[in-house]
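K.L.:
Have a look at this one.
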Amino acid sequence: AALRTATTALLGLKDMPLEWNGVRGVQAGVKTATVEGVGSVAVVSSIGAAIELLNGEDQSWRNHLMIEVMACKGGCLGGGGEPKSDLPDILERRAKAIYKADKDAPIRMSHENPEVKELYERWLGEPLGHTSHYELHTTYAPRRSPRELLARFLDAIDNRDASVAASLFTDDGVWNDSSLGELRGREAIQQAITSLPANPRRQLRYKFAEAEGLTVHAPDGMVYDFDVQLDDSKSSPVIRAEML
């Protein structure tokens with residue numbers, strides 16, 4: 001479904017297939033497909049296969065324009081919420097049924113779904129536009145890492161949750177902000193966030209600029225590099241100093 005929309009609606013390519021057989025199947029591992037003139041994409045089935053791909057010394061994962069990771073073997077049809085079965089080929093049977101339902105469906109492109117169209121018309125605007133990008137994309141960070149703590153802090157600001165944001169700092173923590181100035185201590189940080197204008201539906205949001213690191217796109221369009229120092233003497237790490 002993602003390839004159908006990406007190749008036809010976003011890239012405007014003609015005569016693209018509806019069935020990308022190279023990435024179909026329920027076997028664990030990495031499956032790939034090539035979009036002529038554009039590049040390759042990969043579908044990874046099972047977390048084990050994803051770990052193997054990302055940890056590969058050749059870093060071949062960087063060669064793909066898009067990687068879809070399915071936690072379970074065969075994807076959701078092999079997930080824990082599915083009915084238990086003793087049939088050895090149950091995943092193949094389920095996949096066959098899904099592919100048949102897709103082939104018989106009157107609408108086979110996600111972007112042609114009337115409800116999806118209405119969602120974009122009434123709220124999201126355009127694919128990869130400002131609103132759709134900020135509402136539909138997310139980022140990840142290792143637990144107890146500077147990036148994870150920074151993500152929690154920025155999310156608290158987006159939600160205007162001043163108490164949560166301030167609680168992530170040590171008593172002598174510092175937040176240097178280009179517009180708010182140098183804020184020292186939890187009380188000053190909490191007061192500054194409380195004074196920010198309302199942010200209905202989180203329309204103004206901080207977003208990480210890259211898959212790794214502490215570079216952030218701010219709602220004002222500026223790009224900031226954060227320096228987060230953790231105080232691991234606490235039961236849970238907190239920010240000791242943070243500078244923009």
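Residue numbering restarts at 1 for every chain of the structure tokens, chains are lettered A, B, ... in their displayed order, and ligands are numbered from 1 as they appear.
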Can you list, as a PyMOL selection string, all residues belonging to stretch 7-234 of chain A that DSSP tags as alpha helix (DSSP H)?
P.N.:
chain A and resi 47-54+90-104+114-119+130-136+146-158+162-167+185-194
K.L.:
Per DSSP on the backbone, filter stretch 33-225 of chain A down to the residues in strand (DSSP E or B) and report them as a PyMOL selection string.
P.N.:
chain A and resi 33-35+39-45+64-70+169-177+181-184+207-208+215-217+223-225
K.L.:
Determine, counting only C-alpha atoms, which protein, DNA and RNA residues have an atom within 12 Å of an atom of stretch 33-47 of chain A; residues of the same chain fewer than 2 positions away are not included. Present the result as number ranges by chain.
P.N.:
A: 2-4, 6-8, 11-17, 19-31, 49-54, 60-79
K.L.:
Give me, as an MDAnalysis selection string, all polymer residues having an atom no more than 10 Å from A:Ala192, counting only C-alpha atoms and skipping those fewer than 2 positions away in the same chain.
P.N.:
chainID A and resid 162 166 180:181 183 186:190 194:196
K.L.:
Report, in Å to a single decimal, how far apart atom CA of A:Arg143 and atom CA of A:Gly173 are.
P.N.:
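If I compute the distance from atom CA of A:Gly173 to atom CA of A:Arg143, I get 20.5 Å.
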K.L.:
Under the rule that only C-alpha atoms are counted, which of A:Asp171, A:Asp161, A:Asp155, A:Asp227 is the nearest residue to A:Thr138?
P.N.:
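For A:Thr138, the nearest of the candidates is A:Asp155.
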K.L.:
Could you tell me how far atom CA of A:Ala151 lies from atom CA of A:Gln229, in Å and to one decimal?
P.N.:
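Separating atom CA of A:Ala151 from atom CA of A:Gln229 is a distance of 13.7 Å.
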K.L.:
Which residues of stretch 96-138 of chain A come within 10 Å of stretch 205-221 of chain A, and what is each one's closest atom pair and distance in Å (one decimal), counting only C-alpha atoms, sorted by chain and residue number, as JSON lines?
P.N.:
{"residue": "A:His133", "atom": "CA", "partner": "A:Lys207", "partner_atom": "CA", "distance": 9.9}
{"residue": "A:Tyr134", "atom": "CA", "partner": "A:Arg205", "partner_atom": "CA", "distance": 7.2}
{"residue": "A:Glu135", "atom": "CA", "partner": "A:Arg205", "partner_atom": "CA", "distance": 9.3}
{"residue": "A:His137", "atom": "CA", "partner": "A:Lys207", "partner_atom": "CA", "distance": 9.2}
{"residue": "A:Thr138", "atom": "CA", "partner": "A:Lys207", "partner_atom": "CA", "distance": 8.2}
K.L.:
Could you save those same residues with N, CA and C atoms as a PDB file, in the first residue's frame?
P.N.:
ATOM      1  N   HIS A 133       3.190  16.323   8.151  1.00  0.00           N
ATOM      2  CA  HIS A 133       4.519  15.869   8.607  1.00  0.00           C
ATOM      3  C   HIS A 133       4.589  15.846  10.129  1.00  0.00           C
ATOM      4  N   TYR A 134       4.122  16.890  10.774  1.00  0.00           N
ATOM      5  CA  TYR A 134       4.243  16.977  12.226  1.00  0.00           C
ATOM      6  C   TYR A 134       3.265  16.067  12.947  1.00  0.00           C
ATOM      7  N   GLU A 135       2.130  15.778  12.327  1.00  0.00           N
ATOM      8  CA  GLU A 135       1.141  14.938  13.003  1.00  0.00           C
ATOM      9  C   GLU A 135       1.359  13.447  12.759  1.00  0.00           C
ATOM     10  N   HIS A 137       4.439  11.852  11.697  1.00  0.00           N
ATOM     11  CA  HIS A 137       5.792  11.326  11.831  1.00  0.00           C
ATOM     12  C   HIS A 137       6.239  11.354  13.288  1.00  0.00           C
ATOM     13  N   THR A 138       7.092  10.428  13.623  1.00  0.00           N
ATOM     14  CA  THR A 138       7.607  10.369  14.982  1.00  0.00           C
ATOM     15  C   THR A 138       9.096  10.023  14.945  1.00  0.00           C
TER      16      THR A 138
END
K.L.:
Using only C-alpha atoms, can you tell me which of A:Met222, A:Ile90, A:Val228, A:Val116 comes closest to A:Leu150?
P.N.:
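Answer, going by the shortest atom-to-atom distance: A:Val228.
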K.L.:
Considering only C-alpha atoms, return as a PyMOL selection string whatever protein or nucleic-acid residues lie within 9 Å of A:Asn199, sequence-local ones (same chain, fewer than 5 positions apart) excluded.
P.N.:
chain A and resi 158-160+204-205
K.L.:
Could the residues in this selection be written to a file with N, CA and C atoms, as a CSV table (one decimal), in the first residue's frame?
P.N.:
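And here's part.csv as it stands now:
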chain,number,residue,atom,x,y,z
A,158,ASP,N,5.6,21.1,24.1
A,158,ASP,CA,4.6,21.1,23.1
A,158,ASP,C,3.2,21.0,23.7
A,159,ASN,N,3.1,20.3,24.8
A,159,ASN,CA,1.8,20.1,25.5
A,159,ASN,C,1.6,21.2,26.5
A,160,ARG,N,2.6,22.1,26.7
A,160,ARG,CA,2.5,23.2,27.7
A,160,ARG,C,2.4,22.6,29.1
A,204,LEU,N,2.2,23.7,17.1
A,204,LEU,CA,3.6,24.1,17.1
A,204,LEU,C,4.3,23.1,17.8
A,205,ARG,N,5.3,22.4,17.1
A,205,ARG,CA,6.0,21.3,17.8
A,205,ARG,C,7.4,21.3,17.4
K.L.:
Counting only C-alpha atoms, what is within 8 Å of A:Asp172, bar same-chain residues fewer than 2 positions away, as JSON, numbers by chain?
P.N.:
{"A": [169, 170, 174, 184, 185, 186, 240]}
K.L.:
Generate a file of the selected residues that holds N, CA and C atoms, formatted as a PDB file, in the first residue's frame.
P.N.:
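Result saved to again_23.pdb:
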ATOM      1  N   PHE A 169      14.604  18.308  35.041  1.00  0.00           N
ATOM      2  CA  PHE A 169      15.863  18.970  35.356  1.00  0.00           C
ATOM      3  C   PHE A 169      16.270  18.704  36.808  1.00  0.00           C
ATOM      4  N   THR A 170      17.547  18.790  37.060  1.00  0.00           N
ATOM      5  CA  THR A 170      18.021  18.797  38.434  1.00  0.00           C
ATOM      6  C   THR A 170      17.697  20.163  39.037  1.00  0.00           C
ATOM      7  N   VAL A 174      19.987  24.004  33.947  1.00  0.00           N
ATOM      8  CA  VAL A 174      19.978  25.243  33.175  1.00  0.00           C
ATOM      9  C   VAL A 174      19.382  24.978  31.797  1.00  0.00           C
ATOM     10  N   ARG A 184      17.531  29.180  35.118  1.00  0.00           N
ATOM     11  CA  ARG A 184      18.219  28.337  36.084  1.00  0.00           C
ATOM     12  C   ARG A 184      17.240  27.804  37.118  1.00  0.00           C
ATOM     13  N   GLY A 185      17.267  26.491  37.289  1.00  0.00           N
ATOM     14  CA  GLY A 185      16.422  25.865  38.298  1.00  0.00           C
ATOM     15  C   GLY A 185      15.039  25.516  37.796  1.00  0.00           C
ATOM     16  N   ARG A 186      14.431  24.553  38.454  1.00  0.00           N
ATOM     17  CA  ARG A 186      13.126  24.053  38.032  1.00  0.00           C
ATOM     18  C   ARG A 186      12.041  25.120  38.066  1.00  0.00           C
ATOM     19  N   ARG A 240      20.850  17.895  33.676  1.00  0.00           N
ATOM     20  CA  ARG A 240      21.644  18.777  34.544  1.00  0.00           C
ATOM     21  C   ARG A 240      21.875  20.129  33.866  1.00  0.00           C
TER      22      ARG A 240
END
K.L.:
Grab the atom CA of A:Leu128 to atom CA of A:Glu115 distance for me, in Å with one decimal place.
P.N.:
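Spanning atom CA of A:Leu128 to atom CA of A:Glu115 is a straight-line distance of 17.9 Å.
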K.L.:
Skip A:Ser110 itself and residues of its chain fewer than 3 positions away, then list as an MDAnalysis selection string all residues within 7 Å of it, counting only C-alpha atoms.
P.N.:
chainID A and resid 1 5 113
K.L.:
Would you export the selected residues with N, CA, C and O atoms as a compact mmCIF listing (two decimals), in the first residue's frame, please?
P.N.:
# COMPACT_ATOMS: atom_id res chain seq x y z
N ALA A 1 0.83 -1.20 0.00
CA ALA A 1 0.00 0.00 0.00
C ALA A 1 0.87 1.25 0.00
O ALA A 1 0.59 2.22 -0.72
N THR A 5 1.07 4.18 -3.19
CA THR A 5 0.84 5.62 -3.03
C THR A 5 2.12 6.41 -3.30
O THR A 5 2.08 7.46 -3.95
N ASN A 113 -8.78 6.47 -1.06
CA ASN A 113 -9.82 6.20 -0.05
C ASN A 113 -10.55 7.51 0.26
O ASN A 113 -9.92 8.50 0.65
K.L.:
Select, from A:Asp225, A:Asp104, A:Glu148, A:Asp231, the residue with the minimum atom-to-atom distance to A:Asn176, counting only C-alpha atoms.
P.N.:
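Closest to A:Asn176, using only C-alpha atoms: A:Asp225.
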